[in-house]
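Trainee: One structure, as structure tokens, below. Some questions next.
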Amino acid sequence: MNKSLELATDIRTNLIGMNRAELACAIVEIGEPAETAKMRAKQLWHWIYHHGVTDFAEMTSLNGMLRDALASVYTLARPKIVREQSSEDGTRKWLLKFGDNQEAESVFIPEEARGALCISSQVGCTLTCRFCHTGTQRLVRNLDAREIVSQFLVARDSYGEWPSPGGGRLISNIVMMGMGEPLFNYENVAKAIRIVMDEEGLSISRRRITLSTAGVAPMIERCGAELGVGLAISLHAVTDELRDELMPINRKYPLSQLLDACRRYPGASNARRITFEYVMLKGINDSPMDAKALVRLIAGIPAKINLIPFNAWPGAPYECSTPDAIAKFAAIVNAAGYSSPVRTPRGRDILAACGQLRSDSVRAPRISLATPSRSANARRSVTS
Ligand code: SAH
């Protein structure tokens with residue numbers, strides 16, 4: 001089934017990304033009586049998110065007049081795929097271009113009979129984490145709900161996984177871990193996640209969705225209460241001195257505040273642990289003392305630690321820890337009772353691994369935050 005593509009010249013309104021109530025209003029606007037609009041919206045929703053249809057003419061449960069009216073005013077077009085790359089390990093990456101020519105990337109990471117789609121929430125990122133390639137790109141803008149949901153639709157198109165529910169889908173999980181900070185764009189991200197979770201459509205359960213944040217502490221509790229998705233925290237350092245330097249957001253929301261927010265995360269339990277991501281940077285944060293301090297820091301939080309070998313990118317100021325340092329670090333964390341899987345780098349050959357995403361159409365100097373770091377020279381603050 002060919003999917004229609006977004007055209008800059010198309011003045012029709014795209015229905016993707018609207019919630020059910022908005023969809024019903026859109027139908028009323030083209031003359032459908034208010035009494036039947038809700039039912040029509042339900043049917044339309046099913047065509048869009050269960051069948052993945054982009055051509056109104058295929059929506060055979062709607063009458064011909066309504067189909068024509070929809071097609072004259074609305075569209076379901078997908079963003080343009082500028083580039084689709086496949087890694088030797090099966091990882092697939094899409095560079096998508098939206099109506100205003102801005103671009104963002106999404107990545108599918110297949111496992112045995114399932115896999116996770118890594119979705120972007122912003123074009124670029126304002127966080128400027130020092131180890132992250134996306135942070136070297138000027139933030140252009142937030143993605144809206146349509147652009148976020150569309151990343152999922154494009155991936156399903158690419159694998160031909162329509163109609164939607166029914167289990168056995170390769171694209172079974174979602175991680176909000178692509179470009180951007182999802183909690184800086186919460187409204188759009190939340191709207192998109194609700195669409196993706198809807199059981200009459202894409203039907204991805206909240207248990208299969210993980211949102212990763214660099215630590216926008218005041219938004220964390222709300223995210224858990226409203227969406228109930230899994231939480232991942234990009235921790236990466238165990239002292240404020242080092243974290244200030246690696247992740248400027250720590251100057252605004254220091255570790256104590258971040259960990260308090262984690263302790264209050266609704267729904268966190270031993271069955272549903274918070275993931276702490278920890279990038280392994282050689283000689284910076286990877287000593288046995290750091291591992292011990294990490295264990296002390298997260299005491300009392302149902303947690304698992306995901307160790308991420310640093311993925312290099314052109315001009316990166318860090319190196320990846322040695323396999324031996326990573327193994328020792330993992331052993332300490334593990335002995336303290338936390339599972340500490342080492343994330344296998346996926347798609348490095350196509351720059352699709354963690355921290356490597358960057359739409360290369362946008363090149364700009366790194367923006368620095370105005371607040372000075374607590375210690376500009378803080379490097380290893382926990383020494384062995
Ligand atoms: N802004 C969100 C989403 C990014 S998620 C967040 O910060 O959580 C991507 C994960 O990869 C984060 O944990 C991020 O810190 C990590 N990461 C960034 N650059 C990396 C790199 N070069 N190597 C390994 N991990 C990296």
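Each chain in the structure tokens gets a letter, A, B and so on, in the order shown; residues start at 1 in every chain, and ligands are counted from 1 in the order they appear.
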Between range 112-217 of chain A and range 40-50 of chain A, at 8 Å or less, what are the per-residue closest atom pairs and their distances in Å? Count only C-alpha atoms, order by chain and rising residue number, and return it as a tab-separated table.
Mentor:
```
residue	atom	partner	partner_atom	distance
A:Trp162	CA	A:His50	CA	7.0
A:Pro163	CA	A:His50	CA	5.2
A:Ser164	CA	A:His50	CA	4.5
A:Pro165	CA	A:His50	CA	7.0
A:Glu200	CA	A:His46	CA	6.4
A:Gly201	CA	A:Tyr49	CA	4.4
A:Leu202	CA	A:Tyr49	CA	5.5
```
Trainee: How would the residues just chosen look if you wrote them out with N, CA and C atoms as a compact mmCIF listing (two decimals), in the first residue's frame?
Mentor:
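Output file selection28.txt is given in full below:
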```txt
# COMPACT_ATOMS: atom_id res chain seq x y z
N TRP A 162 0.83 -3.35 9.16
CA TRP A 162 -0.58 -3.00 9.25
C TRP A 162 -1.39 -4.21 8.87
N PRO A 163 -2.60 -4.41 9.39
CA PRO A 163 -3.24 -3.64 10.44
C PRO A 163 -2.56 -3.81 11.79
N SER A 164 -3.01 -2.93 12.71
CA SER A 164 -2.26 -2.70 13.92
C SER A 164 -2.21 -3.79 14.99
N PRO A 165 -3.26 -3.99 15.80
CA PRO A 165 -3.09 -4.90 16.94
C PRO A 165 -2.93 -6.35 16.48
N GLU A 200 -7.81 1.16 20.48
CA GLU A 200 -8.48 0.93 19.20
C GLU A 200 -7.61 1.37 18.03
N GLY A 201 -6.36 1.63 18.32
CA GLY A 201 -5.47 2.07 17.24
C GLY A 201 -4.15 1.35 17.33
N LEU A 202 -3.11 2.10 17.57
CA LEU A 202 -1.76 1.52 17.58
C LEU A 202 -1.57 0.58 18.77
```
Trainee: How would you report the residues lying within 6 Å of ligand 1, as a list in words, if you count only C-alpha atoms and all ligand atoms?
Mentor: Phe131, Cys132, Met177, Gly178, Gly180, Glu181, Ser212, Thr213, Ala214, Ile233, Ser234, Glu277, Val279, Ile308, Pro309, Phe310, Asn311, Ala312, Cys354, Gly355 and Gln356 of chain A
Trainee: Could you dump the residues just selected with N, CA and C atoms as a compact mmCIF listing (two decimals), in the first residue's frame?
Mentor:
```txt
# COMPACT_ATOMS: atom_id res chain seq x y z
N PHE A 131 28.69 15.00 26.09
CA PHE A 131 29.04 13.75 25.42
C PHE A 131 28.08 13.42 24.28
N CYS A 132 27.10 14.29 24.05
CA CYS A 132 26.03 13.94 23.11
C CYS A 132 26.11 14.75 21.83
N MET A 177 13.72 8.33 23.37
CA MET A 177 15.15 8.50 23.64
C MET A 177 15.88 9.03 22.42
N GLY A 178 15.13 9.59 21.50
CA GLY A 178 15.78 10.12 20.30
C GLY A 178 16.27 11.54 20.55
N GLY A 180 16.33 15.35 21.39
CA GLY A 180 15.51 16.27 22.18
C GLY A 180 15.25 15.79 23.59
N GLU A 181 14.72 16.69 24.40
CA GLU A 181 14.37 16.38 25.78
C GLU A 181 12.84 16.32 25.87
N SER A 212 12.76 8.80 28.46
CA SER A 212 14.05 9.09 29.06
C SER A 212 14.24 10.60 29.19
N THR A 213 14.62 11.02 30.38
CA THR A 213 14.84 12.46 30.60
C THR A 213 16.22 12.71 31.18
N ALA A 214 16.76 13.86 30.83
CA ALA A 214 18.05 14.27 31.39
C ALA A 214 17.85 14.78 32.82
N ILE A 233 16.22 7.72 33.56
CA ILE A 233 16.90 8.96 33.92
C ILE A 233 18.33 8.89 33.40
N SER A 234 18.73 9.90 32.66
CA SER A 234 20.12 9.97 32.21
C SER A 234 20.94 10.53 33.37
N GLU A 277 20.31 5.55 33.39
CA GLU A 277 21.28 5.38 32.31
C GLU A 277 22.59 6.03 32.75
N VAL A 279 26.37 6.68 31.11
CA VAL A 279 27.31 6.56 29.98
C VAL A 279 28.72 6.35 30.52
N ILE A 308 25.89 2.45 29.53
CA ILE A 308 25.96 2.69 28.08
C ILE A 308 27.40 3.00 27.69
N PRO A 309 28.05 2.08 26.98
CA PRO A 309 29.39 2.42 26.48
C PRO A 309 29.29 3.68 25.63
N PHE A 310 30.19 4.61 25.88
CA PHE A 310 30.14 5.88 25.15
C PHE A 310 30.27 5.63 23.65
N ASN A 311 29.37 6.22 22.90
CA ASN A 311 29.43 6.13 21.44
C ASN A 311 30.10 7.39 20.91
N ALA A 312 31.18 7.18 20.20
CA ALA A 312 31.93 8.34 19.71
C ALA A 312 31.22 8.99 18.52
N CYS A 354 23.03 5.54 20.72
CA CYS A 354 22.69 6.60 21.69
C CYS A 354 23.63 7.78 21.53
N GLY A 355 23.06 8.96 21.47
CA GLY A 355 23.87 10.17 21.45
C GLY A 355 24.47 10.50 20.10
N GLN A 356 24.16 9.69 19.10
CA GLN A 356 24.77 9.96 17.78
C GLN A 356 23.80 10.63 16.82
```
Trainee: Which residues of range 68-134 of chain A sit at most 8 Å from range 142-146 of chain A, using only C-alpha atoms? Give each one's shortest atom pair and distance in Å (one decimal place), in chain and ascending residue order, as CSV.
Mentor:
```
residue,atom,partner,partner_atom,distance
A:Ser121,CA,A:Leu143,CA,5.6
A:Gln122,CA,A:Asn142,CA,4.4
A:Val123,CA,A:Asn142,CA,6.1
```
Trainee: Include C-alpha atoms and write out the residues we just selected as a PDB file, in the first residue's frame.
Mentor:
```
ATOM      1  CA  SER A 121      10.727  14.749  20.583  1.00  0.00           C
ATOM      2  CA  GLN A 122      12.519  17.829  19.263  1.00  0.00           C
ATOM      3  CA  VAL A 123      14.489  18.963  16.245  1.00  0.00           C
TER       4      VAL A 123
END
```
Trainee: Which of range 136-360 of chain A counts as strand (DSSP E or B) under DSSP, as a count of residues only please?
Mentor: 33
Trainee: Determine, for each residue of range 159-193 of chain A having at least one atom at most 12 Å from an atom of range 9-23 of chain A, the closest pair of atoms and their separation in Å to one decimal, counting only C-alpha atoms; order by chain and ascending number, as a Markdown table.
Mentor:
```
| residue | atom | partner | partner_atom | distance |
| --- | --- | --- | --- | --- |
| A:Asn188 | CA | A:Gly17 | CA | 9.1 |
| A:Val189 | CA | A:Gly17 | CA | 10.4 |
| A:Ala190 | CA | A:Gly17 | CA | 11.0 |
| A:Lys191 | CA | A:Asn19 | CA | 7.5 |
| A:Ala192 | CA | A:Gly17 | CA | 6.5 |
| A:Ile193 | CA | A:Gly17 | CA | 9.9 |
```
Trainee: Would you mind exporting all heavy atoms of the selected residues as a PDB file, in the first residue's frame?
Mentor:
```pdb
ATOM      1  N   ASN A 188       3.111  18.077  23.841  1.00  0.00           N
ATOM      2  CA  ASN A 188       3.082  17.366  22.561  1.00  0.00           C
ATOM      3  C   ASN A 188       3.432  15.888  22.726  1.00  0.00           C
ATOM      4  O   ASN A 188       2.838  15.015  22.100  1.00  0.00           O
ATOM      5  CB  ASN A 188       4.057  18.007  21.566  1.00  0.00           C
ATOM      6  CG  ASN A 188       3.560  19.356  21.077  1.00  0.00           C
ATOM      7  OD1 ASN A 188       2.377  19.504  20.751  1.00  0.00           O
ATOM      8  ND2 ASN A 188       4.441  20.345  21.034  1.00  0.00           N
ATOM      9  N   VAL A 189       4.407  15.632  23.589  1.00  0.00           N
ATOM     10  CA  VAL A 189       4.823  14.246  23.812  1.00  0.00           C
ATOM     11  C   VAL A 189       3.667  13.469  24.457  1.00  0.00           C
ATOM     12  O   VAL A 189       3.339  12.351  24.050  1.00  0.00           O
ATOM     13  CB  VAL A 189       6.088  14.202  24.700  1.00  0.00           C
ATOM     14  CG1 VAL A 189       6.342  12.802  25.246  1.00  0.00           C
ATOM     15  CG2 VAL A 189       7.302  14.685  23.906  1.00  0.00           C
ATOM     16  N   ALA A 190       3.015  14.088  25.450  1.00  0.00           N
ATOM     17  CA  ALA A 190       1.923  13.403  26.140  1.00  0.00           C
ATOM     18  C   ALA A 190       0.769  13.123  25.171  1.00  0.00           C
ATOM     19  O   ALA A 190       0.198  12.032  25.173  1.00  0.00           O
ATOM     20  CB  ALA A 190       1.433  14.254  27.316  1.00  0.00           C
ATOM     21  N   LYS A 191       0.472  14.092  24.342  1.00  0.00           N
ATOM     22  CA  LYS A 191      -0.626  13.898  23.387  1.00  0.00           C
ATOM     23  C   LYS A 191      -0.297  12.744  22.431  1.00  0.00           C
ATOM     24  O   LYS A 191      -1.137  11.877  22.158  1.00  0.00           O
ATOM     25  CB  LYS A 191      -0.836  15.201  22.605  1.00  0.00           C
ATOM     26  CG  LYS A 191      -2.089  15.212  21.785  1.00  0.00           C
ATOM     27  CD  LYS A 191      -2.323  16.600  21.184  1.00  0.00           C
ATOM     28  CE  LYS A 191      -3.620  16.589  20.382  1.00  0.00           C
ATOM     29  NZ  LYS A 191      -3.725  17.769  19.511  1.00  0.00           N
ATOM     30  N   ALA A 192       0.939  12.735  21.961  1.00  0.00           N
ATOM     31  CA  ALA A 192       1.364  11.677  21.034  1.00  0.00           C
ATOM     32  C   ALA A 192       1.332  10.308  21.719  1.00  0.00           C
ATOM     33  O   ALA A 192       0.853   9.321  21.148  1.00  0.00           O
ATOM     34  CB  ALA A 192       2.772  11.980  20.507  1.00  0.00           C
ATOM     35  N   ILE A 193       1.793  10.261  22.957  1.00  0.00           N
ATOM     36  CA  ILE A 193       1.833   8.966  23.660  1.00  0.00           C
ATOM     37  C   ILE A 193       0.414   8.450  23.886  1.00  0.00           C
ATOM     38  O   ILE A 193       0.137   7.258  23.759  1.00  0.00           O
ATOM     39  CB  ILE A 193       2.622   9.094  24.988  1.00  0.00           C
ATOM     40  CG1 ILE A 193       4.118   9.201  24.677  1.00  0.00           C
ATOM     41  CG2 ILE A 193       2.358   7.914  25.915  1.00  0.00           C
ATOM     42  CD1 ILE A 193       5.009   9.331  25.903  1.00  0.00           C
TER      43      ILE A 193
END
```
Trainee: Name the residues in contact with range 247-262 of chain A at a cut-off of 7 Å, using only C-alpha atoms, excluding same-chain residues fewer than 5 positions from it; report them as a list in words.
Mentor: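 Once the adjacent positions are removed, what remains is Leu127, Thr128, Cys129, Arg130, Gly215, Val216, Ala217, Ile220, Glu221 and Asp240 of chain A.
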Trainee: Which is closest to Thr126 in chain A among A:Leu211, A:Leu183, A:Ala113, A:Met176, if we use only C-alpha atoms?
Mentor: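 Among the listed residues, A:Leu183 lies closest to Thr126 in chain A.
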Trainee: Can you tell me how far CA of Val149 in chain A sits from CA of Lys38 in chain A, in Å to one decimal?
Mentor: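 Here the two named atoms are 21.6 Å from each other.
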Trainee: Return as an MDAnalysis selection string the full set of residues in range 111-265 of chain A whose backbone-based DSSP assignment is alpha helix (DSSP H).
Mentor: chainID A and resid 145:159 186:197 217:227 240:246 255:263
